[in-house]
Each structure stands twice: as C-alpha cells, then as structure tokens.
Amino acid sequence: MRAPDDVRRLLSDRISSGQFRPGQRLGDERTLAAELHVSRAAIRQALAGLQETGMVRRVPGRGGGTFVAKGKIERDLSRIVGVPALLRSQGVVAGTRVLSASLAEPADETAQALRTRPGDLVIDLVRIRLADGSPFSLENARLPAKRFPGLLELPLGGSVYELIEEHFGVRPHHATERIEVTLAAPDEALILDVQPGAPLLAITRTVTDADGEPVEFSRDLFRADRTRIVVNTEGSGSTQTTTSNHGRVVEPRVVEPRVVEPSVAEPGVVELRAQAAG
C-alpha cells in the first residue's frame with residue numbers, strides 16, 4: 001500500500017509531465033483511490049499536499065472537485081513593466097476588462113504619493129487583468145490628471161506605461177512597492193474567480209520618472225495561486241559573501257506572510273524598490 005507522500009509524488013509527476021493539463025479536473029477521491037490502489041485517506045492527504053504547493057486547487061460544492069492549477073506567472077519586482085508586457089513575455093495571452101475610468105478627488109494617501117495640491121484631480125482607473133482568459137489581477141491605478149490630460153480618451157485596455165510614454169513623453173523610472181498577503185473579500189473573490197478568503201498578494205506601488213516626479217500610485221491584487229515573485233539583487237562584492245542573490249524566487253505562503261527577507265517595514269509587509277532598465 002502506497003504512503004500519502006508516494007501518492008503525492010506520483011500525482012505530481014503526472015501533472016509535471018503533462019498527463020494532467022492545467023485546468024483539468026482530476027478524478028474524485030474514490031476513482032483515484034481505486035486506480036492507484038490506495039485508501040481514500042491517502043488520496044485526501046496527497047491532494048491536500050498538492051494544494052499547499054499550488055499544483056492543484058480544490059473547489060467545494062456540487063460541480064466542484066480537484067483541478068490542476070494553471071501555471072504561475074513570474075513577476076520580477078526589479079523591473080518596471082506593465083502587466084500586458086509581463087504576460088506576453090511568458091507566452092501568456094493578455095486581456096483586460098476596464099471596470100471604471102474617471103476623474104476623482106484623491107484620498108489622503110493618494111494625494112501624498114502623487115504630491116497633488118488642493119483642488120487637483122487624479123485619473124482613477126480600475127481594471128481586471130486576464131491571463132489566458134481568466135482573471136489574474138485586479139488593479140486600481142491613479143495618475144495625476146494635470147500631467148496626463150486626455151488620457152481617459154485613449155484606449156485603456158493595454159499598458160498605461162506605454163500610453164504615457166507614447167503620448168506624453170513620460171517614462172517610468174523608479175518604483176517603490178510594498179507587498180503584503182491579504183485574504184480576498186467577497187467582492188474581490190467574485191471578480192478574481194477565487195473563493196472568499198483565498199490568499200491574494202496586495203502590491204502598493206508608487207512610480208516616479210527620472211526627475212523624481214510622481215507618475216502613478218496604485219494598489220493591485222494578484223491571485224497568489226497564479227503569481228510567483230522574483231527578486232533580482234546584486235551582491236556587495238565582499239569576499240565574505242557566500243550566497244548568491246541573483247534571481248531569487250519568492251513563493252508566498254499564507255501561513256507565513258513575510259514574503260521576502262530584505263527591508264521588512266512591519267510584519268507581513270515588504271518594501272522593494274525597482275529601477276527601470278535603460
């Protein structure tokens with residue numbers, strides 16, 4: 001009789017080899033137990049382990065079951081790049097649904113980040129980003145309206161960064177991003193097609209140009225089951241440095257919300273800075 005760990009490795013190998021495709025529904029516990037000649041308890045433990053690693057997702061209720069998770073998308077925090085370009089670079093079909101686009105009075109946090117003056121308005125843009133047709137992130141971007149007049153009249157389904165560079169000659173140069181693990185509220189869960197309480201990565205970002213002038217302030221919610229954070233850092237060059245810091249991959253875990261090691265500002269919150277290449 002196979003142990004649960006052996007069953008988990010067997011199912012993991014089948015998923016990795018492509019025998020089970022992303023989005024495919026696995027057999028129920030009874031069917032899998034009979035096929036693999038193990039107990040249903042062993043199947044249940046194996047599936048729980050695969051869910052913890054993000055290889056499968058389990059949907060409760062009628063019509064639910066265990067499904068092979070879609071591949072994770074790497075988000076490199078050391079580069080400033082729009083989501084469409086990020087997805088395309090990884091062979092994923094990018095899509096966008098614009099939920100709202102308007103002029104608004106900035107809240108205190110937004111006003112401080114964008115350094116607006118009393119009476120100034122901001123462009124408030126809320127969009128759902130799609131990866132291969134399914135929701136990947138919910139983003140709320142705010143930009144100084146005075147700096148980008150007429151932006152709302154442009155097509156907003158692509159990258160705002162590309163739009164402002166093409167039409168206003170402004171290129172994002174520096175970004176400070178704060179990352180924390182949060183749980184999906186009911187409305188966020190509905191939009192992102194996850195269960196209420198599912199883990200999300202909340203990324204609050206402030207972007208400036210080469211002169212240090214504010215370009216964007218945003219708060220984005222990324223599905224944790226579809227996102228892998230990558231941080232590229234340079235070593236100090238000291239002969240005492242023994243570990244390589246190049247291309248570290250960060251796998252967020254809800255049970256341990258400290259996502260990465262450097263510059264932890266408060267429990268569960270990480271602040272990272274990115275510089276635009278070139």
# chains A, B, ... in the order shown; residues from 1 in each chain; ligands from 1
>>> closest_atom_pairs(of="stretch 11-115 of chain A", to="stretch 165-189 of chain A", cutoff="12 Å", atoms="only C-alpha atoms", output="Markdown table")
| residue | atom | partner | partner_atom | distance |
| --- | --- | --- | --- | --- |
| A:Asp76 | CA | A:Glu177 | CA | 11.6 |
| A:Leu77 | CA | A:Glu177 | CA | 8.1 |
| A:Ser78 | CA | A:Ala175 | CA | 9.0 |
| A:Arg79 | CA | A:Ala175 | CA | 8.7 |
| A:Ile80 | CA | A:Ala175 | CA | 7.1 |
| A:Val81 | CA | A:Pro172 | CA | 8.9 |
| A:Gly82 | CA | A:Pro172 | CA | 10.4 |
| A:Ala113 | CA | A:Thr176 | CA | 10.7 |
>>> write_last_selection(atoms="N, CA, C and O atoms", output="PDB file, in the first residue's frame")
ATOM      1  N   ASP A  76       8.668  39.991 -11.853  1.00  0.00           N
ATOM      2  CA  ASP A  76      10.000  40.432 -11.451  1.00  0.00           C
ATOM      3  C   ASP A  76       9.905  41.841 -10.870  1.00  0.00           C
ATOM      4  O   ASP A  76       9.647  42.806 -11.597  1.00  0.00           O
ATOM      5  N   LEU A  77      10.139  41.959  -9.570  1.00  0.00           N
ATOM      6  CA  LEU A  77       9.994  43.253  -8.902  1.00  0.00           C
ATOM      7  C   LEU A  77      11.188  44.174  -9.127  1.00  0.00           C
ATOM      8  O   LEU A  77      11.172  45.303  -8.665  1.00  0.00           O
ATOM      9  N   SER A  78      12.226  43.682  -9.799  1.00  0.00           N
ATOM     10  CA  SER A  78      13.356  44.552 -10.079  1.00  0.00           C
ATOM     11  C   SER A  78      13.221  45.260 -11.423  1.00  0.00           C
ATOM     12  O   SER A  78      14.113  45.975 -11.843  1.00  0.00           O
ATOM     13  N   ARG A  79      12.059  45.058 -12.106  1.00  0.00           N
ATOM     14  CA  ARG A  79      11.803  45.727 -13.376  1.00  0.00           C
ATOM     15  C   ARG A  79      10.451  46.423 -13.321  1.00  0.00           C
ATOM     16  O   ARG A  79       9.538  45.949 -12.662  1.00  0.00           O
ATOM     17  N   ILE A  80      10.355  47.562 -14.009  1.00  0.00           N
ATOM     18  CA  ILE A  80       9.073  48.257 -14.124  1.00  0.00           C
ATOM     19  C   ILE A  80       8.497  47.912 -15.488  1.00  0.00           C
ATOM     20  O   ILE A  80       9.003  48.353 -16.526  1.00  0.00           O
ATOM     21  N   VAL A  81       7.453  47.123 -15.488  1.00  0.00           N
ATOM     22  CA  VAL A  81       6.858  46.687 -16.744  1.00  0.00           C
ATOM     23  C   VAL A  81       5.361  46.521 -16.543  1.00  0.00           C
ATOM     24  O   VAL A  81       4.907  46.118 -15.465  1.00  0.00           O
ATOM     25  N   GLY A  82       4.585  46.875 -17.549  1.00  0.00           N
ATOM     26  CA  GLY A  82       3.146  46.716 -17.461  1.00  0.00           C
ATOM     27  C   GLY A  82       2.749  45.246 -17.503  1.00  0.00           C
ATOM     28  O   GLY A  82       3.477  44.393 -18.025  1.00  0.00           O
ATOM     29  N   ALA A 113       1.174  60.518  -2.118  1.00  0.00           N
ATOM     30  CA  ALA A 113       2.053  59.793  -3.032  1.00  0.00           C
ATOM     31  C   ALA A 113       2.256  60.556  -4.340  1.00  0.00           C
ATOM     32  O   ALA A 113       3.371  60.588  -4.884  1.00  0.00           O
TER      33      ALA A 113
END
>>> residues_around(residues="A:Leu143", least_positions_apart="2", cutoff="8 Å", atoms="only C-alpha atoms", output="list of chain:residue names")
A:Leu114, A:Val122, A:Ile123, A:Asp124, A:Ala141, A:Ala145, A:Phe148, A:Val215, A:Glu216, A:Phe217
>>> residues_around(residues="A:Arg58", least_positions_apart="2", cutoff="9 Å", atoms="only C-alpha atoms", output="PDB file with all heavy atoms, in the first residue's frame")
ATOM      1  N   LEU A  47      -3.716  15.000  -1.984  1.00  0.00           N
ATOM      2  CA  LEU A  47      -4.294  16.172  -2.645  1.00  0.00           C
ATOM      3  C   LEU A  47      -4.124  17.422  -1.805  1.00  0.00           C
ATOM      4  O   LEU A  47      -3.901  18.518  -2.328  1.00  0.00           O
ATOM      5  CB  LEU A  47      -5.771  15.917  -2.948  1.00  0.00           C
ATOM      6  CG  LEU A  47      -6.073  14.845  -3.999  1.00  0.00           C
ATOM      7  CD1 LEU A  47      -7.582  14.648  -4.143  1.00  0.00           C
ATOM      8  CD2 LEU A  47      -5.448  15.194  -5.340  1.00  0.00           C
ATOM      9  N   ALA A  48      -4.228  17.274  -0.476  1.00  0.00           N
ATOM     10  CA  ALA A  48      -4.015  18.420   0.409  1.00  0.00           C
ATOM     11  C   ALA A  48      -2.588  18.941   0.278  1.00  0.00           C
ATOM     12  O   ALA A  48      -2.352  20.152   0.272  1.00  0.00           O
ATOM     13  CB  ALA A  48      -4.317  18.031   1.858  1.00  0.00           C
ATOM     14  N   GLN A  51      -2.281  20.793  -3.017  1.00  0.00           N
ATOM     15  CA  GLN A  51      -2.939  22.092  -2.937  1.00  0.00           C
ATOM     16  C   GLN A  51      -2.050  23.097  -2.209  1.00  0.00           C
ATOM     17  O   GLN A  51      -1.958  24.266  -2.599  1.00  0.00           O
ATOM     18  CB  GLN A  51      -4.280  21.969  -2.222  1.00  0.00           C
ATOM     19  CG  GLN A  51      -5.053  23.286  -2.140  1.00  0.00           C
ATOM     20  CD  GLN A  51      -6.365  23.125  -1.410  1.00  0.00           C
ATOM     21  OE1 GLN A  51      -6.501  22.273  -0.534  1.00  0.00           O
ATOM     22  NE2 GLN A  51      -7.345  23.934  -1.764  1.00  0.00           N
ATOM     23  N   VAL A  56      -2.527  22.017  -7.405  1.00  0.00           N
ATOM     24  CA  VAL A  56      -3.946  21.789  -7.664  1.00  0.00           C
ATOM     25  C   VAL A  56      -4.757  22.784  -6.849  1.00  0.00           C
ATOM     26  O   VAL A  56      -4.264  23.384  -5.887  1.00  0.00           O
ATOM     27  CB  VAL A  56      -4.384  20.344  -7.304  1.00  0.00           C
ATOM     28  CG1 VAL A  56      -3.561  19.320  -8.058  1.00  0.00           C
ATOM     29  CG2 VAL A  56      -4.311  20.101  -5.794  1.00  0.00           C
ATOM     30  N   PRO A  60     -15.063  23.399  -3.600  1.00  0.00           N
ATOM     31  CA  PRO A  60     -16.107  22.672  -2.876  1.00  0.00           C
ATOM     32  C   PRO A  60     -17.461  22.777  -3.569  1.00  0.00           C
ATOM     33  O   PRO A  60     -17.661  23.602  -4.462  1.00  0.00           O
ATOM     34  CB  PRO A  60     -16.137  23.375  -1.520  1.00  0.00           C
ATOM     35  CG  PRO A  60     -15.686  24.768  -1.807  1.00  0.00           C
ATOM     36  CD  PRO A  60     -14.688  24.648  -2.923  1.00  0.00           C
ATOM     37  N   GLY A  64     -17.959  20.965  -8.151  1.00  0.00           N
ATOM     38  CA  GLY A  64     -16.585  21.247  -7.766  1.00  0.00           C
ATOM     39  C   GLY A  64     -15.687  20.043  -8.003  1.00  0.00           C
ATOM     40  O   GLY A  64     -15.963  19.191  -8.837  1.00  0.00           O
ATOM     41  N   GLY A  65     -14.627  19.970  -7.238  1.00  0.00           N
ATOM     42  CA  GLY A  65     -13.675  18.877  -7.373  1.00  0.00           C
ATOM     43  C   GLY A  65     -12.263  19.396  -7.265  1.00  0.00           C
ATOM     44  O   GLY A  65     -12.022  20.523  -6.818  1.00  0.00           O
ATOM     45  N   THR A  66     -11.316  18.590  -7.686  1.00  0.00           N
ATOM     46  CA  THR A  66      -9.911  18.957  -7.653  1.00  0.00           C
ATOM     47  C   THR A  66      -9.431  19.192  -9.082  1.00  0.00           C
ATOM     48  O   THR A  66      -9.593  18.331  -9.949  1.00  0.00           O
ATOM     49  CB  THR A  66      -9.070  17.853  -6.992  1.00  0.00           C
ATOM     50  OG1 THR A  66      -9.549  17.617  -5.665  1.00  0.00           O
ATOM     51  CG2 THR A  66      -7.607  18.261  -6.913  1.00  0.00           C
ATOM     52  N   PHE A  67      -8.837  20.357  -9.317  1.00  0.00           N
ATOM     53  CA  PHE A  67      -8.420  20.754 -10.656  1.00  0.00           C
ATOM     54  C   PHE A  67      -6.923  21.040 -10.662  1.00  0.00           C
ATOM     55  O   PHE A  67      -6.370  21.550  -9.674  1.00  0.00           O
ATOM     56  CB  PHE A  67      -9.173  22.003 -11.118  1.00  0.00           C
ATOM     57  CG  PHE A  67     -10.663  21.814 -11.230  1.00  0.00           C
ATOM     58  CD1 PHE A  67     -11.477  21.937 -10.111  1.00  0.00           C
ATOM     59  CD2 PHE A  67     -11.246  21.498 -12.449  1.00  0.00           C
ATOM     60  CE1 PHE A  67     -12.846  21.764 -10.200  1.00  0.00           C
ATOM     61  CE2 PHE A  67     -12.619  21.328 -12.551  1.00  0.00           C
ATOM     62  CZ  PHE A  67     -13.413  21.447 -11.424  1.00  0.00           C
ATOM     63  N   VAL A  68      -6.282  20.736 -11.777  1.00  0.00           N
ATOM     64  CA  VAL A  68      -4.876  21.088 -11.940  1.00  0.00           C
ATOM     65  C   VAL A  68      -4.767  22.606 -12.041  1.00  0.00           C
ATOM     66  O   VAL A  68      -5.472  23.232 -12.847  1.00  0.00           O
ATOM     67  CB  VAL A  68      -4.277  20.432 -13.200  1.00  0.00           C
ATOM     68  CG1 VAL A  68      -2.820  20.840 -13.372  1.00  0.00           C
ATOM     69  CG2 VAL A  68      -4.395  18.915 -13.105  1.00  0.00           C
TER      70      VAL A  68
END
>>> atom_distance(atom1="atom CA of A:Gly23", atom2="atom CA of A:Pro135")
13.5 Å
>>> residues_around(residues="A:Arg223", least_positions_apart="6", cutoff="8 Å", atoms="only C-alpha atoms", output="ChimeraX atom specification")
/A:136-137,192,199-201
>>> select_by_dssp(residues="stretch 70-267 of chain A", states="helix (DSSP H, G or I)", output="number ranges by chain")
A: 83-89, 108-114, 151-153, 160-168, 186-192
